[in-house]
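Data block below; observations after.
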Amino acid sequence: MLSERHLAYIFSCHWRRPWGGVWRVFLSLCLGGLLSACATLRPLPPPAPSWSLVPDRNSALAQVTASLPQGGAGESAFRLLESGRAALMARLALAERAEKSLDLQYYLFYADTSGRLLAQALLRAADRGVRVRLLLDDVDTGRQEAAIIGLDAHPNIHIRLFNPFAVRGDSPLGRAMQFLNDDRLNHRMHNKLFVADGVMAITGGRNIGDEYFQADSPVAFHDLDVLTAGPVVGEMAWAFDAYWNSPYAVSARAIPKPKPDKRTSLLAKVRRNLEQSLAELDQSTLFEYTGLDALAGPAVADELSAWLPGRGEFLADPPQKVDQSASVAELSLARLLIQGLKVRQELLIASPYFVPGQVGVDLLAYVHGQGARVRLLTNSMAATDVLLVHAGYAPYRMPLLLNGIELYELKPSQVQHRFFRRLAGGSSRTSLHSKVMVFDRQSAYIGSMNLDPRSLLLNTESGLLIHGADLAEAAARFIEAEMTPRASYRLGLGKRSGEGRTVLTWQDEAQTLFDEPGAGFLHRLLLDLVPAAGWEDHL
């Protein structure tokens with residue numbers, strides 16, 4: 001079934017749509033019917049602004065931060081979270097150790113095992129007196145409204161929805177009709193951010209859900225986050241505040257309550273449901289991971305080598321990008337392009353959704369023309385989770401190769417679940433989800449931004465640009481590990497036996513393929529039709 005995430009990609013293709021005349025009237029009448037039959041957001045005055053708390057230098061997390069390797073003036077410490085297990089444990093560890101504040105900003109927050117674990121950790125933190133602020137994009141909250149209302153009822157938990165839908169409920173049809181009738185809703189907050197006590201933070205490509213932490217899901221996303229401590233965390237906290245206090249962030253109290261007297265009782269129900277659903281988990285297995293002992297205090301000395309120094313810049317699109325009032329100079333991608341154009345030796349890119357357009361092809365060709373090696377990793381057709389994006393990318397493969405760009409497409413290998421013991425034995429199809437760029441092995445970007453039209457034109461995005469050779473080398477190794485013949489196809493140009501025309505080839509460990517791996521008749525038809533449907537007009 002199509003999720004709101006897939007609908008967002010479908011409507012971002014900028015196909016020529018008959019929005020005027022009878023079609024617009026028809027949609028308006030249908031939407032009017034929905035509005036009369038379904039609950040809508042309650043009109044409330046704008047929520048009062050709130051700001052990040054001043055970090056307490058005596059807090060436990062601040063003490064850990066003070067023990068980390070010190071680089072030059074203004075440098076921070078960074079730690080890559082490569083495995084899904086490490087990424088979830090880092091979030092749980094920060095939530096359990098926070099003493100003053102937790103600020104979370106996410107595009108998706110699923111109510112699966114991983115999501116419930118983190119929700120329970122946030123609730124425990126709030127019970128200890130920690131102020132919790134949770135900012136969620138509204139693209140996929142319809143099935144979780146009762147839980148959102150319940151958690152928001154806690155005096156220390158405050159939830160806001162970014163760019164919300166007017167009609168509430170969990171009907172994909174209702175949300176699709178709103179997408180079609182209101183261009184505002186096609187602009188989503190794709191940022192990912194987790195700030196604890198104003199002194200430690202996590203950002204990267206992961207949303208909150210089993211598929212992002214390689215737990216129990218049909219798709220296991222191969223992703224990358226970075227755990228951060230030091231001065232750049234202040235920039236990350238400031239960026240969160242900018243979104244939290246923007247006019248696009250609406251209090252969860254605007255969601256219509258199931259019944260007028262149910263708000264407080266919903267909190268008790270959320271507690272009960274979390275306890276019951278997580279009671280079966282083997283906690284000893286869940287917390288086997290020890291790679292974050294540095295957060296616990298006693299084992300700090302043994303963990304310092306895992307932290308790498310560097311100077312960080314937090315790049316975040318301004319929230320007004322959703323109403324197209326932000327200038328190009330303010331956008332994260334513009335700053336990354338400037339960084340990329342400075343490359344002289346090597347540019348490494350991992351982007352799961354890669355639709356460069358002719359401008360992107362020309363920019364990469366320019367970098368290569370300056371003498372730099374350019375390598376790019378994205379999903380193969382068989383590995384992608386959004387086939388429409390692959391169809392938008394496919395026409396640019398040959399122009400990229402002809403301009404000297406090296407292309408790799410991740411294979412959909414199967415991974416075994418080792419996360420929760422009761423789920424052992426299951427497997428998932430891996431799909432690339434990390435958004436990483438490495439510039440001359442001196443700087444690296446790790447964040448939420450894909451190199452596609454949605455990230456460029458529609459979504460707000462964020463991420464860390466880190467200047468430091470050690471961190472950049474580690475990020476490069478992360479990408480290169482997935483460029484091996486075992487993990488990816490390397491694309492090339494060749495000619496079939498007996499044919500004169502040049503075609504794409506896919507090289508793996510054993511052979512050279514002349515047909516797209518995993519492509520059936522319908523897949524090939526989609527590849528032929530989608531570019532002609534209008535991608536080119538807006539790239």
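Letters A, B, ... go to the chains of the structure tokens in the order shown; residues in each chain start at 1; ligands are counted from 1 in the same order.
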Can you list, as a list in words, all residues belonging to region 292-384 of chain A that DSSP tags as strand (DSSP E)? Leu308, Pro309, Gly310, Arg311, Gly312, Glu313, Phe314, Leu315, Ala316, Glu346, Leu347, Leu348, Ile349, Ala350, Arg373, Val374, Arg375, Leu376, Leu377, Thr378 and Asn379 of chain A
Give me every alpha helix (DSSP H) residue in region 129-176 of chain A, going by DSSP on the backbone, as a PDB file with C-alpha atoms, in the first residue's frame.
```pdb
ATOM      1  CA  GLU A 145      -2.831  10.911  16.542  1.00  0.00           C
ATOM      2  CA  ALA A 146      -4.093   9.341  19.763  1.00  0.00           C
ATOM      3  CA  ALA A 147      -0.526   8.589  20.918  1.00  0.00           C
ATOM      4  CA  ILE A 148       0.613  12.102  19.988  1.00  0.00           C
ATOM      5  CA  ILE A 149      -2.254  13.659  21.955  1.00  0.00           C
ATOM      6  CA  GLY A 150      -1.516  11.366  24.907  1.00  0.00           C
ATOM      7  CA  LEU A 151       2.214  12.129  25.047  1.00  0.00           C
ATOM      8  CA  ASP A 152       1.586  15.841  24.587  1.00  0.00           C
ATOM      9  CA  PRO A 172      -4.401   7.731   2.551  1.00  0.00           C
ATOM     10  CA  LEU A 173      -7.107   8.806   0.099  1.00  0.00           C
ATOM     11  CA  GLY A 174      -7.984  11.838   2.191  1.00  0.00           C
ATOM     12  CA  ARG A 175      -4.356  12.897   2.434  1.00  0.00           C
ATOM     13  CA  ALA A 176      -3.784  12.248  -1.267  1.00  0.00           C
TER      14      ALA A 176
END
```
Would you kindly return, as a VMD selection string, each protein, DNA or RNA residue with an atom no farther than 6 Å from any atom of region 208-223 of chain A, considering only C-alpha atoms and excluding same-chain residues fewer than 4 positions away? chain A and resid 84 to 85 109 to 110 114 to 115 417 419 428 to 434
Those same residues, written as a PDB file, in the first residue's frame with C-alpha atoms?
```pdb
ATOM      1  CA  GLY A  84      21.481   0.541  12.885  1.00  0.00           C
ATOM      2  CA  ARG A  85      22.071  -0.953  16.319  1.00  0.00           C
ATOM      3  CA  PHE A 109       8.547   8.528  13.653  1.00  0.00           C
ATOM      4  CA  TYR A 110       6.949   5.094  13.365  1.00  0.00           C
ATOM      5  CA  SER A 114      12.207   0.993  17.618  1.00  0.00           C
ATOM      6  CA  GLY A 115       9.758   3.878  17.784  1.00  0.00           C
ATOM      7  CA  HIS A 417      18.147  -9.546  11.876  1.00  0.00           C
ATOM      8  CA  PHE A 419      18.734  -6.855  16.778  1.00  0.00           C
ATOM      9  CA  SER A 428      15.452  -7.843   4.945  1.00  0.00           C
ATOM     10  CA  ARG A 429      16.320  -6.490   1.517  1.00  0.00           C
ATOM     11  CA  THR A 430      18.969  -3.816   1.951  1.00  0.00           C
ATOM     12  CA  SER A 431      18.494  -0.397   0.399  1.00  0.00           C
ATOM     13  CA  LEU A 432      20.862   2.557   0.462  1.00  0.00           C
ATOM     14  CA  HIS A 433      19.559   5.453   2.565  1.00  0.00           C
ATOM     15  CA  SER A 434      22.728   7.327   3.613  1.00  0.00           C
TER      16      SER A 434
END
```
If you count only C-alpha atoms, which residues fall within 10 Å of Leu401 (chain A), apart from same-chain ones fewer than 6 positions away, as a JSON list (two decimals) with C-alpha atoms, in the first residue's frame?
```json
[["chain", "number", "residue", "atom", "x", "y", "z"],
["A", 361, "VAL", "CA", 25.42, 16.32, -14.86],
["A", 365, "ALA", "CA", 31.40, 16.95, -15.37],
["A", 407, "LEU", "CA", 28.67, 5.04, -11.05],
["A", 491, "LEU", "CA", 28.14, 0.64, -14.35],
["A", 492, "GLY", "CA", 29.95, 0.94, -17.65],
["A", 493, "LEU", "CA", 29.43, 1.25, -21.38],
["A", 504, "LEU", "CA", 24.84, 0.36, -20.31]]
```
Long-range neighbours of Val250 (chain A) as a PyMOL selection string, 12 Å cut-off, only C-alpha atoms, 4 positions minimum in chain: chain A and resi 41-49+134-138+158-166+243-246+254-255
Generate the output file for the selected residues, C-alpha atoms, as a short mmCIF file (atom, residue, chain, number, x, y, z; two decimals), in the first residue's frame.
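File produced: result09.cif:
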```
data_model
loop_
_atom_site.label_atom_id
_atom_site.label_comp_id
_atom_site.auth_asym_id
_atom_site.auth_seq_id
_atom_site.Cartn_x
_atom_site.Cartn_y
_atom_site.Cartn_z
CA LEU A 41 -7.38 20.93 13.04
CA ARG A 42 -8.79 23.10 15.78
CA PRO A 43 -8.12 26.84 15.38
CA LEU A 44 -5.71 27.80 18.15
CA PRO A 45 -3.57 30.88 18.72
CA PRO A 46 0.10 30.37 17.78
CA PRO A 47 1.93 28.44 20.50
CA ALA A 48 4.20 30.44 22.76
CA PRO A 49 7.84 30.40 21.61
CA LEU A 134 9.28 16.79 19.63
CA LEU A 135 8.81 18.35 16.19
CA LEU A 136 7.32 15.98 13.61
CA ASP A 137 6.59 16.51 9.96
CA ASP A 138 2.90 15.80 9.49
CA HIS A 158 5.56 19.33 24.00
CA ILE A 159 4.79 18.14 20.45
CA ARG A 160 4.34 20.25 17.34
CA LEU A 161 3.45 19.24 13.78
CA PHE A 162 5.21 20.88 10.86
CA ASN A 163 3.16 22.05 7.88
CA PRO A 164 0.11 20.03 8.99
CA PHE A 165 -2.81 18.69 6.99
CA ALA A 166 -6.17 20.32 7.71
CA TYR A 243 11.83 25.44 13.15
CA TRP A 244 10.10 25.02 16.52
CA ASN A 245 9.18 28.70 16.70
CA SER A 246 8.29 29.09 13.03
CA ALA A 254 -4.79 21.50 17.61
CA ILE A 255 -5.49 17.85 16.78
#
```
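The interatomic distance for the pair CA of Gly369 (chain A) and CA of Arg496 (chain A) works out to 29.3 Å.
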If we count only C-alpha atoms and set the cut-off at 7 Å, which residues sit around Tyr393 (chain A), ignoring sequence neighbours fewer than 4 positions away in its own chain? Please answer as a VMD selection string. chain A and resid 354 to 355 389
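All residues of protein, DNA or RNA that reach within 12 Å of Glu82 (chain A), judged by only C-alpha atoms and not counting those fewer than 5 positions away in the chain, are Ala87, Leu88, Met89, Ala90, Gly204, Gly205, Arg206, Tyr212, Phe213, Gln214, Phe221, His222, Asp223, Leu224, Asp225, Val226, Leu227, Gly291, His433, Ser434, Val436, Ile446, Ala474, Ala475, Arg477, Phe478, Ile479 and Ala481 of chain A.
Put simply, CA of Asn379 (chain A) is 4.8 Å away from CA of Leu410 (chain A).
CA of Leu104 (chain A) sits 17.0 Å away from CA of Asp127 (chain A).
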Against region 200-203 of chain A, which residues of region 424-510 of chain A fall within 8 Å? For each one I want the closest pair of atoms and the distance in Å (one decimal), counting only C-alpha atoms, rows by chain and increasing residue number, as JSON lines.
```
{"residue": "A:Ile446", "atom": "CA", "partner": "A:Thr203", "partner_atom": "CA", "distance": 7.7}
{"residue": "A:Gly447", "atom": "CA", "partner": "A:Thr203", "partner_atom": "CA", "distance": 6.3}
{"residue": "A:Gly463", "atom": "CA", "partner": "A:Thr203", "partner_atom": "CA", "distance": 6.5}
{"residue": "A:Leu464", "atom": "CA", "partner": "A:Thr203", "partner_atom": "CA", "distance": 7.4}
```
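Distances here use only C-alpha atoms; by that measure, the residue among A:Leu281, A:Met449, A:Leu387, A:Leu193 closest to Ser332 (chain A) is A:Met449.
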Nearest to Leu336 (chain A), chosen from A:Ser171, A:Thr384, A:Leu315, A:Trp307, with only C-alpha atoms counted in the distances: A:Leu315
